[in-house]
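Colleague: To start, I am sharing the structure in question, which I have written as structure tokens.
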Amino acid sequence: MLDPDLIRRTLELAAARGADLAELFVEDVRSSSASLDDGRVEELVSGRDRGAGIRVVVGERTGFAHTADLSAEGLAATARVAAASARGSAGGGRRVVLDGTARAHAAPVRTDPGTVGKADKVELLRRADEAARTGRAEVSQVAARYGDVRRRVLVANTDGVFVTDDLTKTSFSVSVVAKGDAGLQTGRHSVGRVAGFELFDVAAGGYDVEELARTAAARAIRKLDARPAPSGALPVVIAGGSGGVLFHEACGHGLEADLVDKGASVFAGRRGEQVASPLVTLVDDGTLVGEWGCFGIDDEGNLARRNVLIERGVLTDYLYDSQQARKAGRPGSGNGRRQSYRHLPMVRMTNTYITGGESDPADIIASTEFGVYVAQLGGGQVNTASGDFVFGMTEAYLIEGGVITEALRDGNLIGNGPAALAAIDAVGNDFSMGYPGTCGKDGQGVPVGMGTPTLRVPSLTVGGTAS
Amino acid sequence: MSGADLDDLAARLAERARPGEHLEVAVARGVSTSVKAYDGEVESFTSAESFGVGIRVLIERDGGLSQGFAHAGSFDPDVLEETLQDARDNAVFSEPDPFAGLAVPDGRIAVPQDLWRPELLATSTEAKIELALQLERATRSGHAAVKGVRSASYGDAASEVALASTAGVRASGRSTSCWLSVSCMAGNEAETHTGYGVAVGREPGALDVAEVAEEAITQAVRLIGARQVPSQRLALVLEPKLAATVLGIIGSMLCGDAVVKGRSPFADRLGQAIASPLLTLVDDPTDARSLGADAFDGEGLACRRNVLIDEGTLSGFLHNSYTARRAGTVSTASAVRSSRSLPGVGPQALAVAPGTTSYEQLLAGVDHGILVQSMAGLHSGVNTTSGDFSVGAEGLMIRNGALAEPVREVTIASTLPRLLLDLVGVGSEISWLPGGSGSAALVFGEVALSGS
């Protein structure tokens, strides 16, 4: 992406006033999307964003500057600003040695979306629109979106890291509005993978957009008769897949070393302790090929890794970026990520999931006398300091006498991370990964994956209006 | 490059339109800095200059216009050329739409806005760093129960934008803004609570360090001892900041895109009573008190005052030029956008008309209620199409007109249409918030609290 000699000179300039670490992060992102709404393909958008972020670390202080100007002059000016911002003592310059060429990583892509005609992408939208509406008079509105993005990054630093990564992601989502006597309801389905246009190659195990659209439509229509969700503490059975949001919020964020270090996590100082039910083994894995949160290297040039965070209920490790790892005097865990070259990296999750258990999902439901079955989760949010977390239910049902009965209206559930984890009393054998997510932290969004088998929490507070 | 050069760049690109082609170009440039302080030291200092260009192309086809858009983060001539070609190419593949088109100047004269403060650009790096350090210190040492400051930061931005189109639009503007924010933790051995403080202004002199620290400390400290309470129905009190957030959600349901595409429960309620007569809701970007104030909207039309709810009656929706044409009306100059996006629709300075009751009097009038100070899951438990509203909440019980014990791990639920009708009190003091909206404290008669 850049001439090695220019990279070396830029790093030397950045480190000229003294630096424990100087780093150059170069990013080139090309995106294209098409969206259909109200029966019409109405937005085709292309984006191009390219730039560099230069980070200089002196002790506990980080100087950072970024630019869209990748010329020698632009990079030199940015390196000087970053160096000045880190306020190193003058004269501590160092010689930078980089291996001849960057070590290249790339995620496999069978059909580069850049080679696929826009007409083919638009055709997916039309098929989804028609499939959602056909035979369903209740469907009053359909929106569908196709998107692909290719992100190429280069990381080089004064420790000799010199690597590149090349990720292509493709995604598709459908949102349906259904209209009934009691008003409007919504249903949504989305898929996305680190992959190319083969995402839609049904013969090769890809997704059928018509099927996705029918699923979204069915979700909206089922909710037309939904009753208000109950209000109060109840057993909650969470379906496999998107239920992984529960762990992302209930403990994932609390295991990020920066929050632990600042005393902002209920899981601080608990390594080696039983923090969850013995049924729970929690893994964060950036190496899961094709999953939404995977990569070859993180945004600091460290290899993606599989990290076991909780093993049979015992807290085994936290997640680290380079800075937190240096502070703790240990190797990083490959979790230093950033939204773009305009952002500083920090500790982030990748693909977070709990491993499969032994219960038959049908038995988990059948053994629940009265409760809520959450078939699809929306997003969530956590206060890591108190451990209180919420997640949304966008498709949920009552369980009465061990049987799934009426559909429930949308709402949030609230619980406390350590309490909910400890209480989990059933984990199914039907593990699957959920929909592609975007995780927000301190104003930065990064793509993450989540997964879980069906499981039960004996008591969560359901935020409905029915008494 | 000076501001005039930005105007020229937009105009020159717009002049590249071919016969039968309509072109709109938005360009933006900005500089920004941010300082984060932690534990008495600078944790990071960030400095940046950024560029943005967004090009919208509409081509005439089959009785309508088909639209394409492309954006880039550079003014490099090769990149600009590629962006224009991408936008053209995209236009070929979207469908002709009889309502598509650029905004046409409507003769309204823009109310000039003075949004640029040279004082901000003249502020030294050292002074900015000192603000962040002061904020961290003031928060850390402001109360014995404060256990730590997760982050204290100062940030600022100075940006210039220009818009030009083949429909004759020429608009430009520049603005400065800066902010302080802090997140602190307070508690004891057994529990930790979090509080946030934030302030935004056009220049550093407008920021009050002590006030921001106090806001964060108060929020965190008053939650110490918070417990889950049993499920119950009770009144809901929102202080101005959170009230504005909830009103912002209502505002989004009154936007043209949701209305013309049948995604708003209020779509066919124009002229009807949808809220308590206590509620008058106005979006007025010409009000200089709002940080969302602006002379032009995202399509270059002069910003104007729009009344959405007038003493409880739904009196209007917000429109950009597209949603207005579809709805058979005119744009309310409510196009919102960045150079990276097509113009959407949204409020810029949404505010409630103040009532006559002070905050203290409002509280005194509540026998059994909850003052909610923060909500979680606004993105996951609120559905603006179905109207469902369910959020995680922290706050204080209100008993016999006085604040009582702290509460956590509960949810508050109702529906958005119900909340509007249940409004029973509007405070007399408006606070203007970072996003541009303004509100007074609000009291809602009854919501469902879910707890133990």
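Residues in the structure tokens are named by chain (A, B, ... in the order shown) and by number from 1 within that chain; ligands are numbered from 1 in the order shown.
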Step one, run DSSP on the backbone; step two, keep only residues of region 203-271 of chain B assigned to alpha helix (DSSP H); then write them as a ChimeraX atom specification.

Modeller: /B:209-221,240-253,256-260

Colleague: Using only C-alpha atoms, I'd like every residue of chain B that has an atom within 7 Å of chain A; please write them out as a ChimeraX atom specification.

Modeller: /B:42-50,67-74,86,90,93-95,150,191-194,231,261,376-377,379-382,385-386,388-392,409-414,448,450-452

Colleague: Got time to write the residues from that selection, N, CA and C atoms, as a compact mmCIF listing (two decimals), in the first residue's frame?

Modeller:
```
# COMPACT_ATOMS: atom_id res chain seq x y z
N VAL B 42 -2.05 13.26 31.00
CA VAL B 42 -2.65 13.16 29.68
C VAL B 42 -2.53 11.72 29.22
N GLU B 43 -3.66 11.12 28.88
CA GLU B 43 -3.64 9.74 28.40
C GLU B 43 -3.42 9.72 26.89
N SER B 44 -4.11 10.63 26.19
CA SER B 44 -3.87 10.73 24.75
C SER B 44 -4.21 12.13 24.25
N PHE B 45 -3.52 12.52 23.21
CA PHE B 45 -3.79 13.80 22.54
C PHE B 45 -3.90 13.50 21.06
N THR B 46 -5.03 13.86 20.49
CA THR B 46 -5.28 13.56 19.07
C THR B 46 -5.49 14.84 18.29
N SER B 47 -4.91 14.88 17.12
CA SER B 47 -5.02 16.07 16.29
C SER B 47 -5.26 15.62 14.85
N ALA B 48 -6.18 16.26 14.16
CA ALA B 48 -6.50 15.77 12.84
C ALA B 48 -7.09 16.82 11.93
N GLU B 49 -6.92 16.61 10.65
CA GLU B 49 -7.58 17.42 9.64
C GLU B 49 -8.31 16.43 8.75
N SER B 50 -9.55 16.75 8.40
CA SER B 50 -10.28 15.80 7.57
C SER B 50 -11.01 16.50 6.44
N GLN B 67 -31.29 8.14 -9.14
CA GLN B 67 -30.31 8.82 -8.32
C GLN B 67 -29.13 7.93 -7.94
N GLY B 68 -27.94 8.50 -7.99
CA GLY B 68 -26.75 7.77 -7.51
C GLY B 68 -25.95 8.69 -6.61
N PHE B 69 -25.19 8.08 -5.70
CA PHE B 69 -24.42 8.87 -4.75
C PHE B 69 -23.07 8.21 -4.52
N ALA B 70 -22.05 9.03 -4.35
CA ALA B 70 -20.74 8.51 -3.98
C ALA B 70 -20.06 9.53 -3.09
N HIS B 71 -19.22 9.03 -2.20
CA HIS B 71 -18.52 9.94 -1.29
C HIS B 71 -17.07 9.51 -1.13
N ALA B 72 -16.23 10.44 -0.72
CA ALA B 72 -14.82 10.13 -0.51
C ALA B 72 -14.26 11.05 0.55
N GLY B 73 -13.12 10.67 1.11
CA GLY B 73 -12.53 11.42 2.21
C GLY B 73 -11.30 12.19 1.79
N SER B 74 -11.30 12.72 0.57
CA SER B 74 -10.12 13.42 0.07
C SER B 74 -10.52 14.39 -1.04
N ASP B 86 -18.34 7.31 -10.07
CA ASP B 86 -19.07 6.33 -9.26
C ASP B 86 -20.52 6.75 -9.07
N ASN B 90 -23.74 4.76 -10.36
CA ASN B 90 -24.78 4.32 -9.42
C ASN B 90 -26.16 4.78 -9.88
N PHE B 93 -28.19 2.47 -12.10
CA PHE B 93 -28.77 1.23 -11.59
C PHE B 93 -29.90 1.43 -10.58
N SER B 94 -30.18 2.66 -10.18
CA SER B 94 -31.33 2.85 -9.30
C SER B 94 -32.55 3.09 -10.19
N GLU B 95 -33.73 3.00 -9.57
CA GLU B 95 -34.93 3.08 -10.38
C GLU B 95 -35.42 4.51 -10.51
N ARG B 150 -13.21 7.29 34.98
CA ARG B 150 -12.89 6.39 33.88
C ARG B 150 -12.26 7.16 32.73
N GLU B 191 -20.31 -1.93 46.00
CA GLU B 191 -21.00 -1.53 44.77
C GLU B 191 -20.33 -0.32 44.11
N THR B 192 -20.53 -0.23 42.81
CA THR B 192 -19.99 0.89 42.05
C THR B 192 -21.06 1.43 41.12
N HIS B 193 -21.22 2.74 41.10
CA HIS B 193 -22.17 3.36 40.20
C HIS B 193 -21.46 4.36 39.32
N THR B 194 -22.08 4.64 38.17
CA THR B 194 -21.43 5.48 37.18
C THR B 194 -22.24 6.75 36.98
N SER B 231 -42.11 -4.63 40.91
CA SER B 231 -42.83 -4.08 39.76
C SER B 231 -44.01 -3.25 40.24
N LYS B 261 -43.52 6.64 4.04
CA LYS B 261 -43.33 5.21 3.81
C LYS B 261 -44.09 4.34 4.82
N ALA B 376 -30.99 2.76 29.54
CA ALA B 376 -30.15 1.85 28.75
C ALA B 376 -31.02 1.14 27.73
N GLY B 377 -30.45 0.86 26.57
CA GLY B 377 -31.18 0.09 25.57
C GLY B 377 -32.19 0.90 24.78
N HIS B 379 -31.72 1.90 21.94
CA HIS B 379 -31.63 1.39 20.57
C HIS B 379 -32.23 -0.01 20.45
N SER B 380 -32.40 -0.71 21.56
CA SER B 380 -32.85 -2.09 21.44
C SER B 380 -34.28 -2.33 21.93
N GLY B 381 -34.82 -1.40 22.73
CA GLY B 381 -36.14 -1.65 23.29
C GLY B 381 -37.17 -0.60 22.92
N VAL B 382 -36.83 0.25 21.96
CA VAL B 382 -37.77 1.28 21.53
C VAL B 382 -38.01 1.09 20.04
N THR B 385 -41.83 2.34 14.98
CA THR B 385 -42.92 1.97 14.08
C THR B 385 -44.10 1.39 14.86
N SER B 386 -43.81 0.42 15.72
CA SER B 386 -44.90 -0.15 16.53
C SER B 386 -45.23 0.76 17.71
N ASP B 388 -43.66 0.67 20.60
CA ASP B 388 -43.27 0.08 21.88
C ASP B 388 -42.09 0.82 22.50
N PHE B 389 -42.15 0.99 23.81
CA PHE B 389 -41.11 1.71 24.53
C PHE B 389 -40.79 0.95 25.80
N SER B 390 -39.55 0.44 25.90
CA SER B 390 -39.14 -0.33 27.08
C SER B 390 -37.64 -0.14 27.23
N VAL B 391 -37.22 0.43 28.35
CA VAL B 391 -35.80 0.74 28.54
C VAL B 391 -35.34 0.37 29.95
N GLY B 392 -34.06 0.05 30.08
CA GLY B 392 -33.47 -0.13 31.40
C GLY B 392 -33.33 1.24 32.06
N GLU B 409 -31.47 -1.58 38.10
CA GLU B 409 -31.89 -2.85 37.51
C GLU B 409 -33.40 -2.96 37.38
N VAL B 410 -34.01 -1.90 36.89
CA VAL B 410 -35.44 -1.96 36.57
C VAL B 410 -35.63 -1.50 35.13
N THR B 411 -36.80 -1.79 34.58
CA THR B 411 -37.14 -1.23 33.27
C THR B 411 -38.36 -0.35 33.42
N ILE B 412 -38.49 0.58 32.48
CA ILE B 412 -39.63 1.47 32.42
C ILE B 412 -40.27 1.22 31.06
N ALA B 413 -41.58 0.96 31.03
CA ALA B 413 -42.22 0.65 29.76
C ALA B 413 -43.56 1.36 29.61
N SER B 414 -43.86 1.68 28.36
CA SER B 414 -45.14 2.24 27.97
C SER B 414 -45.17 2.11 26.44
N ALA B 448 -45.14 1.67 33.40
CA ALA B 448 -44.96 0.40 34.10
C ALA B 448 -43.50 0.22 34.44
N SER B 450 -40.79 -2.44 35.74
CA SER B 450 -40.59 -3.86 36.01
C SER B 450 -39.38 -4.01 36.90
N GLY B 451 -39.55 -4.75 37.97
CA GLY B 451 -38.44 -4.99 38.89
C GLY B 451 -38.54 -6.40 39.42
N SER B 452 -38.37 -6.56 40.71
CA SER B 452 -38.37 -7.91 41.30
C SER B 452 -39.80 -8.43 41.39
```

Colleague: Just the residues within 9 Å of Gly114 (chain A), please, counting only C-alpha atoms, with nothing from its chain fewer than 6 positions along; format it as a list in words.

Modeller: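 My reading of the contact set: Ser32, Asp148, Arg150 and Gly196 of chain A.
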
Colleague: Please list as a ChimeraX atom specification every residue within 6 Å of region 273-286 of chain B, counting only C-alpha atoms and excluding residues in the same chain fewer than 2 positions away.

Modeller: /B:288,293-294,305-313,347-353,420-421,423

Colleague: Once you have the residues from the selection above, write them out as a compact mmCIF listing (two decimals), in the first residue's frame, restricted to N, CA and C atoms.

Modeller:
```txt
# COMPACT_ATOMS: atom_id res chain seq x y z
N ALA B 288 -30.80 30.86 17.94
CA ALA B 288 -29.35 30.84 18.17
C ALA B 288 -28.97 30.18 19.48
N ALA B 293 -28.34 25.20 15.78
CA ALA B 293 -28.71 26.34 14.94
C ALA B 293 -27.88 26.34 13.66
N ASP B 294 -28.55 26.72 12.55
CA ASP B 294 -27.84 26.79 11.28
C ASP B 294 -28.62 27.70 10.33
N ARG B 305 -38.53 27.99 11.27
CA ARG B 305 -39.20 27.46 12.45
C ARG B 305 -40.36 26.57 12.03
N ASN B 306 -40.39 25.34 12.54
CA ASN B 306 -41.47 24.41 12.21
C ASN B 306 -42.13 23.92 13.50
N VAL B 307 -43.45 24.11 13.57
CA VAL B 307 -44.19 23.63 14.74
C VAL B 307 -44.71 22.22 14.42
N LEU B 308 -44.34 21.25 15.25
CA LEU B 308 -44.75 19.87 15.01
C LEU B 308 -45.99 19.52 15.82
N ILE B 309 -45.97 19.85 17.09
CA ILE B 309 -47.12 19.60 17.95
C ILE B 309 -47.48 20.92 18.61
N ASP B 310 -48.75 21.34 18.44
CA ASP B 310 -49.19 22.63 18.97
C ASP B 310 -50.25 22.38 20.04
N GLU B 311 -49.90 22.57 21.27
CA GLU B 311 -50.79 22.31 22.40
C GLU B 311 -51.49 20.96 22.25
N GLY B 312 -50.71 19.96 21.90
CA GLY B 312 -51.23 18.60 21.83
C GLY B 312 -51.69 18.16 20.45
N THR B 313 -51.92 19.11 19.54
CA THR B 313 -52.42 18.77 18.20
C THR B 313 -51.25 18.60 17.23
N PRO B 347 -34.90 16.59 12.80
CA PRO B 347 -34.90 17.86 13.50
C PRO B 347 -33.46 18.31 13.78
N GLN B 348 -33.24 19.61 13.85
CA GLN B 348 -31.92 20.13 14.17
C GLN B 348 -31.89 20.83 15.52
N ALA B 349 -33.03 21.38 15.91
CA ALA B 349 -33.08 22.15 17.16
C ALA B 349 -34.44 21.94 17.81
N LEU B 350 -34.79 20.67 17.96
CA LEU B 350 -36.10 20.31 18.50
C LEU B 350 -36.21 20.75 19.95
N ALA B 351 -37.26 21.47 20.28
CA ALA B 351 -37.40 21.94 21.67
C ALA B 351 -38.85 22.00 22.09
N VAL B 352 -39.08 21.79 23.37
CA VAL B 352 -40.41 21.86 23.93
C VAL B 352 -40.66 23.30 24.37
N ALA B 353 -41.89 23.77 24.23
CA ALA B 353 -42.22 25.09 24.77
C ALA B 353 -42.32 24.97 26.28
N LEU B 420 -47.05 10.36 25.17
CA LEU B 420 -47.42 11.72 24.77
C LEU B 420 -48.73 12.15 25.43
N LEU B 421 -49.68 11.21 25.49
CA LEU B 421 -50.98 11.54 26.09
C LEU B 421 -50.90 11.63 27.60
N LEU B 423 -48.53 12.91 29.37
CA LEU B 423 -47.73 14.03 29.89
C LEU B 423 -48.58 14.89 30.82
```

Colleague: Neighbouring residues of region 233-244 of chain B were defined as those with any atom within 6 Å, considering only C-alpha atoms; residues of the same chain fewer than 6 positions away were excluded. Please report them as an MDAnalysis selection string.

Modeller: chainID B and resid 368:372 438:449

Colleague: Among region 32-181 of chain A, which ones does DSSP assign to strand (DSSP E or B) (computed from the backbone)? Answer as number ranges by chain.

Modeller: A: 32-37, 40-58, 61-67, 103-104, 139-157, 162-180

Colleague: Would you compute the distance between CA of Ser367 (chain A) and CA of His189 (chain A)? Give it in Å to one decimal.

Modeller: 28.9 Å

Colleague: Let me make sure I understand: among B:Ala220, B:Leu120, B:Val366, B:Cys184, which one has the smallest atom-to-atom distance to Ser32 (chain B) if we use only C-alpha atoms?

Modeller: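 Among B:Ala220, B:Leu120, B:Val366, B:Cys184, it is B:Leu120 that comes nearest to Ser32 (chain B).
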
Colleague: Of the residues A:Arg145, A:Leu154, A:Leu282, A:Ala14, which is the one nearest to Val174 (chain A), using only C-alpha atoms?

Modeller: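 Residue with the minimum atom-to-atom distance to Val174 (chain A): A:Arg145.
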
Colleague: Could you tell me how far CA of Arg17 (chain A) sits from CA of Thr164 (chain A), in Å to one decimal place?

Modeller: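 Interatomic distance here is 26.8 Å.
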
Colleague: Excluding Gln113 (chain B) and its own-chain neighbours fewer than 2 positions away, which residues fall within 7 Å of it when counting only C-alpha atoms? Please give them as a ChimeraX atom specification.

Modeller: /B:111,115,294-295

Colleague: Find the residues near Ala131 (chain A): any atom within 10 Å, counting only C-alpha atoms, skip ones fewer than 5 places away on the same chain, and give them as a PyMOL selection string.

Modeller: chain A and resi 125-126+136+209-215+217

Colleague: Taking into account only C-alpha atoms, which residue in the set B:Arg227, B:Arg408, B:Arg170, B:Arg337 is nearest to Pro105 (chain B)?

Modeller: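 Of B:Arg227, B:Arg408, B:Arg170, B:Arg337, the one nearest Pro105 (chain B) is B:Arg170, counting only C-alpha atoms.
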